[in-house]
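Novice: For reference, the structure I am asking about is given below.
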Amino acid sequence: MALIVQKYGGTSVADIERIKAVAERAASTARQGNKVIVVVSAMAGETDKFTKYAHEITDMPDEREMDLLLSSGERVTSALMAMAIQQLGLKSMSFTGRQVGIMTDSSHTKAVIEEIDASRLRKALDEGNIPVVAGFQGINEFSDVTTLGRGGSDTTAVAIAAALSADVCEIYTDVVGVFTADPRIVPDARKMERISYDEMLEMASLGAKVLNGRSVEFAKNYSVPLVVRSSFNQTPGTLVTMEDRDMEKTIITGITHDKNQARITLMRVPDRPGIASTIFEAIAAANINVDMIVQNVSSDDNATDLSFTVSKADSNKASGIIRKVSDEFGGKGVSMNSDVAKVSIVGVGMQSHFGVAARMFDTLSKAGINIMMISTSEIKISCVVDVSRIEEAVRALHDSFNLDKS
Ligand code: ADP
Ligand code: MG
């Protein structure tokens with residue numbers, strides 16, 4: 001008998017018919033003699049609907065209130081799912097994050113799981129239930145509800161799988177696995193049989209939203225085998241696991257893109273030591289992650305332009321902070337561009353190959369796509385381009401690196 005954690009994303013539970021279909025799936029896994037824990041997302045569109053409501057009230061909703069608001073979507077699904085499973089003649093109970101002991105830090109809207117007390121889940125399993133857990137949420141030390149950020153239900157599922165030493169964590173979604181690029185954008189993208197934690201981590205953190213990055217980190221740290229597959233059919237999915245010798249050796253694993261980017265530019269700040277640290281300390285103090293940074297060389301006026309990217313969600317907060325800093329330094333103002341996106345090529349194999357960057361830039365240039373910012377590491381190269389060209393960029397790079405051929 002295996003212990004299996006099954007996570008179902010928003011499209012997999014989008015309406016009552018889908019919830020019933022997913023309940024059948026969980027029930028049949030249990031009937032085969034397995035212990036099953038189900039983790040659910042909010043029904044597709046719910047989270048966006050709540051966010052829209054909040055923004056009809058204010059541009060910058062209080063994050064504590066946002067968390068309570070957003071966490072309700074997953075609760076709705078979990079209760080409905082438990083009912084649907086009961087209807088099939090099996091025992092089931094729904095639980096909120098708090099009820100299954102998911103403790104997080106206090107960074108509202110992007111909280112980090114610190115601890116899970118799995119005793120309640122163990123008890124529910126021992127009593128023959130299929131526990132259904134509302135994903136994406138926990139509580140902080142003050143018992144306030146926190147949420148885990150976009151894709152947070154993936155992290156709930158993997159964290160529960162780790163806490164209970166589950167045999168596998170299955171991530172059910174609307175595609176049949178992890179592809180060499182988003183299959184909605186690149187029709188001839190190739191599904192991977194297996195991918196290593198490290199490569200998946202890199203792809204996820206660079207925008208392949210099929211898995212949340214933190215969930216992959218968790219899976220790696222606790223050696224939880226992850227399977228990504230579709231809840232709409234029986235096609236075998238992609239196994240995310242430890243790297244082994246059988247894994248295909250490729251230079252480039254995949255192309256990812258991320259539209260959730262905004263570029264903030266400080267114009268003409270004085271070019272002297274300490275400026276960058278002041279700016280980025282202020283941003284870090286507000287709990288905002290900075291992605292790429294570009295500082296231009298200064299010209300005659302001994303001032304420089306400094307650009308960086310943050311997620312769209314943080315962009316208003318970040319530019320507010322930066323305006324203050326710019327005023328203190330006597331800068332020439334701050335501009336924000338939300339019409340940008342990041343395209344990346346990812347692959348652990350590229351560290352031993354020359355010419356990958358050159359090929360990427362050449363491909364974009366031949367497509368007439370202007371590169372605004374570049375960043376590289378040993379296993380990825382990212383370029384910021386205009387959002388209107390992003391899909392074209394992904395397709396051109398997928399083609400140029402021959403990723404459709406196995
Ligand atoms: P869920 O609601 O089930 O969590 P998500 O929308 O978060 O689903 O993730 C699934 C989506 O991820 C797919 O519909 C696909 O468009 C997108 N995606 C992006 N990059 C990839 C990739 N490399 N492989 C598979 N899917 C990808
Ligand atoms: Mg998701």
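Residues are named by chain letter and number: chains run A, B, ... in the order of the structure tokens, numbers start at 1 in each chain, and ligands are numbered from 1 in the order shown.
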Show me, as a tab-separated table, the residues of chain A having an atom within 9 Å of ligand 2, each with the closest atom pair and its distance in Å, using only C-alpha atoms and all ligand atoms.

Specialist:
residue	atom	partner	partner_atom_place_in_ligand_line	distance
A:Tyr8	CA	ligand 2	1 (Mg)	8.9
A:Gly9	CA	ligand 2	1 (Mg)	5.9
A:Gly10	CA	ligand 2	1 (Mg)	7.5
A:Ser41	CA	ligand 2	1 (Mg)	8.4
A:Arg150	CA	ligand 2	1 (Mg)	7.2
A:Gly151	CA	ligand 2	1 (Mg)	4.3
A:Gly152	CA	ligand 2	1 (Mg)	7.5
A:Ser153	CA	ligand 2	1 (Mg)	7.3
A:Asp154	CA	ligand 2	1 (Mg)	6.7
A:Ile171	CA	ligand 2	1 (Mg)	8.9
A:Thr173	CA	ligand 2	1 (Mg)	7.5
A:Lys209	CA	ligand 2	1 (Mg)	5.9
A:Val210	CA	ligand 2	1 (Mg)	5.4
A:Leu211	CA	ligand 2	1 (Mg)	5.8
A:Asn212	CA	ligand 2	1 (Mg)	6.5

Novice: Those same residues, written as a CSV table (one decimal), in the first residue's frame with all heavy atoms?

Specialist:
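Below is the file that was written, part-v4.csv:
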chain,number,residue,atom,x,y,z
A,8,TYR,N,-4.7,18.8,-7.2
A,8,TYR,CA,-5.5,19.2,-8.4
A,8,TYR,C,-5.5,20.7,-8.6
A,8,TYR,O,-6.0,21.4,-7.7
A,8,TYR,CB,-6.9,18.6,-8.3
A,8,TYR,CG,-6.9,17.1,-8.4
A,8,TYR,CD1,-6.9,16.3,-7.2
A,8,TYR,CD2,-6.8,16.4,-9.6
A,8,TYR,CE1,-6.8,14.9,-7.3
A,8,TYR,CE2,-6.8,15.0,-9.7
A,8,TYR,CZ,-6.8,14.3,-8.5
A,8,TYR,OH,-6.7,12.9,-8.6
A,9,GLY,N,-5.1,21.2,-9.7
A,9,GLY,CA,-5.0,22.7,-10.0
A,9,GLY,C,-6.4,23.2,-10.4
A,9,GLY,O,-7.4,22.5,-10.5
A,10,GLY,N,-6.4,24.5,-10.6
A,10,GLY,CA,-7.6,25.3,-10.8
A,10,GLY,C,-8.5,24.8,-11.9
A,10,GLY,O,-9.7,24.6,-11.8
A,41,SER,N,-6.7,23.3,-5.4
A,41,SER,CA,-6.6,24.8,-5.6
A,41,SER,C,-8.0,25.3,-5.6
A,41,SER,O,-9.0,24.6,-5.6
A,41,SER,CB,-6.0,25.0,-7.0
A,41,SER,OG,-4.7,24.6,-7.0
A,150,ARG,N,1.5,32.6,-5.9
A,150,ARG,CA,1.1,31.9,-7.1
A,150,ARG,C,1.6,30.5,-7.1
A,150,ARG,O,2.8,30.2,-6.9
A,150,ARG,CB,1.6,32.6,-8.4
A,150,ARG,CG,0.8,33.8,-8.8
A,150,ARG,CD,-0.1,33.5,-10.0
A,150,ARG,NE,-1.1,34.6,-10.1
A,150,ARG,CZ,-2.4,34.3,-10.4
A,150,ARG,NH1,-2.8,33.1,-10.7
A,150,ARG,NH2,-3.3,35.3,-10.4
A,151,GLY,N,0.7,29.5,-7.4
A,151,GLY,CA,1.2,28.1,-7.5
A,151,GLY,C,1.4,27.5,-6.1
A,151,GLY,O,2.0,26.4,-6.0
A,152,GLY,N,0.9,28.2,-5.1
A,152,GLY,CA,1.2,27.8,-3.7
A,152,GLY,C,0.7,26.4,-3.3
A,152,GLY,O,1.2,25.8,-2.4
A,153,SER,N,-0.4,26.0,-4.0
A,153,SER,CA,-1.0,24.7,-3.7
A,153,SER,C,0.0,23.6,-4.1
A,153,SER,O,0.0,22.5,-3.4
A,153,SER,CB,-2.3,24.5,-4.5
A,153,SER,OG,-3.2,25.4,-4.0
A,154,ASP,N,0.9,23.8,-5.1
A,154,ASP,CA,1.9,22.8,-5.4
A,154,ASP,C,2.8,22.6,-4.1
A,154,ASP,O,3.1,21.5,-3.8
A,154,ASP,CB,2.8,23.3,-6.5
A,154,ASP,CG,2.1,23.5,-7.8
A,154,ASP,OD1,1.0,22.9,-8.0
A,154,ASP,OD2,2.6,24.1,-8.7
A,171,ILE,N,1.0,15.8,-9.3
A,171,ILE,CA,0.5,17.2,-9.6
A,171,ILE,C,-0.4,17.1,-10.8
A,171,ILE,O,0.2,16.9,-11.9
A,171,ILE,CB,1.7,18.2,-9.8
A,171,ILE,CG1,2.7,18.2,-8.6
A,171,ILE,CG2,1.1,19.6,-10.1
A,171,ILE,CD1,2.2,18.8,-7.4
A,173,THR,N,-2.8,18.6,-13.6
A,173,THR,CA,-3.0,19.9,-14.2
A,173,THR,C,-3.7,19.7,-15.6
A,173,THR,O,-4.3,18.7,-15.8
A,173,THR,CB,-1.7,20.6,-14.3
A,173,THR,OG1,-1.9,21.9,-14.8
A,173,THR,CG2,-0.6,19.9,-15.1
A,209,LYS,N,5.2,27.9,-15.4
A,209,LYS,CA,4.3,27.9,-14.2
A,209,LYS,C,3.7,26.5,-13.9
A,209,LYS,O,2.9,26.4,-13.0
A,209,LYS,CB,3.3,29.0,-14.3
A,209,LYS,CG,2.3,28.7,-15.5
A,209,LYS,CD,1.2,29.8,-15.4
A,209,LYS,CE,0.2,29.4,-16.5
A,209,LYS,NZ,-1.1,30.0,-16.2
A,210,VAL,N,4.0,25.5,-14.8
A,210,VAL,CA,3.5,24.2,-14.5
A,210,VAL,C,3.8,23.7,-13.1
A,210,VAL,O,3.0,22.9,-12.6
A,210,VAL,CB,3.9,23.2,-15.7
A,210,VAL,CG1,5.4,23.0,-15.7
A,210,VAL,CG2,3.2,21.9,-15.6
A,211,LEU,N,4.9,24.1,-12.6
A,211,LEU,CA,5.2,23.8,-11.2
A,211,LEU,C,5.7,25.0,-10.5
A,211,LEU,O,6.5,25.8,-11.1
A,211,LEU,CB,6.3,22.7,-11.1
A,211,LEU,CG,5.9,21.2,-11.2
A,211,LEU,CD1,7.1,20.4,-11.1
A,211,LEU,CD2,4.9,20.9,-10.0
A,212,ASN,N,5.3,25.2,-9.2
A,212,ASN,CA,5.8,26.3,-8.5
A,212,ASN,C,7.2,26.0,-8.0
A,212,ASN,O,7.5,24.9,-7.6
A,212,ASN,CB,4.8,26.5,-7.3
A,212,ASN,CG,5.4,27.3,-6.2
A,212,ASN,OD1,6.4,26.9,-5.5
A,212,ASN,ND2,4.8,28.5,-5.9

Novice: Fewer than 3 positions away in the same chain doesn't count, so skip those; otherwise give me all residues within 6 Å of segment 55-67 of chain A, counting only C-alpha atoms, as an MDAnalysis selection string.

Specialist: chainID A and resid 52 70:71 108:109 146:147

Novice: With DSSP run on the backbone, what are the strand (DSSP E) residues within segment 42-200 of chain A? I'd like them as a ChimeraX atom specification.

Specialist: /A:91-95,102-104,113-116,129-134,137-139,145-147,168-173,194-196

Novice: Would you mind exporting the chosen residues as a PDB file, in the first residue's frame, restricted to C-alpha atoms?

Specialist:
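Below is the file part-v2.pdb, written as the result:
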ATOM      1  CA  LYS A  91     -14.884   8.485   3.884  1.00  0.00           C
ATOM      2  CA  SER A  92     -13.501  11.966   3.355  1.00  0.00           C
ATOM      3  CA  MET A  93     -12.911  15.129   5.400  1.00  0.00           C
ATOM      4  CA  SER A  94     -11.853  18.583   4.248  1.00  0.00           C
ATOM      5  CA  PHE A  95      -9.293  20.674   6.103  1.00  0.00           C
ATOM      6  CA  ILE A 102       0.732  24.351   8.252  1.00  0.00           C
ATOM      7  CA  MET A 103       2.761  27.065   9.989  1.00  0.00           C
ATOM      8  CA  THR A 104       4.324  29.809   7.896  1.00  0.00           C
ATOM      9  CA  ILE A 113       6.084  27.167   5.168  1.00  0.00           C
ATOM     10  CA  GLU A 114       8.161  26.718   8.317  1.00  0.00           C
ATOM     11  CA  GLU A 115       6.618  23.652   9.863  1.00  0.00           C
ATOM     12  CA  ILE A 116       3.865  21.103   9.436  1.00  0.00           C
ATOM     13  CA  ASN A 129     -10.546   9.024   5.293  1.00  0.00           C
ATOM     14  CA  ILE A 130      -9.363  10.605   2.114  1.00  0.00           C
ATOM     15  CA  PRO A 131      -8.356  13.947   3.624  1.00  0.00           C
ATOM     16  CA  VAL A 132      -8.892  16.914   1.285  1.00  0.00           C
ATOM     17  CA  VAL A 133      -6.648  19.863   2.112  1.00  0.00           C
ATOM     18  CA  ALA A 134      -7.231  23.438   0.979  1.00  0.00           C
ATOM     19  CA  GLN A 137      -2.513  28.583   2.791  1.00  0.00           C
ATOM     20  CA  GLY A 138      -1.295  28.341   6.341  1.00  0.00           C
ATOM     21  CA  ILE A 139      -1.224  30.465   9.453  1.00  0.00           C
ATOM     22  CA  VAL A 145      -4.163  33.306   7.651  1.00  0.00           C
ATOM     23  CA  THR A 146      -1.268  33.517   5.204  1.00  0.00           C
ATOM     24  CA  THR A 147      -1.035  32.459   1.555  1.00  0.00           C
ATOM     25  CA  VAL A 168       4.832  10.064  -4.526  1.00  0.00           C
ATOM     26  CA  CYS A 169       3.287  13.488  -5.000  1.00  0.00           C
ATOM     27  CA  GLU A 170       1.166  13.706  -8.144  1.00  0.00           C
ATOM     28  CA  ILE A 171       0.517  17.170  -9.566  1.00  0.00           C
ATOM     29  CA  TYR A 172      -2.603  17.027 -11.753  1.00  0.00           C
ATOM     30  CA  THR A 173      -3.016  19.867 -14.206  1.00  0.00           C
ATOM     31  CA  ARG A 194      11.888  12.689 -16.776  1.00  0.00           C
ATOM     32  CA  ILE A 195      13.574  15.846 -15.616  1.00  0.00           C
ATOM     33  CA  SER A 196      15.991  16.417 -12.733  1.00  0.00           C
TER      34      SER A 196
END

Novice: Counting only C-alpha atoms and all ligand atoms, name the residues that have an atom within 10 Å of an atom of ligand 1; the answer should be given as a ChimeraX atom specification.

Specialist: /A:7-14,40-45,150-154,171-186,189-192,200,203-204,206-212,228-231,238,253-258
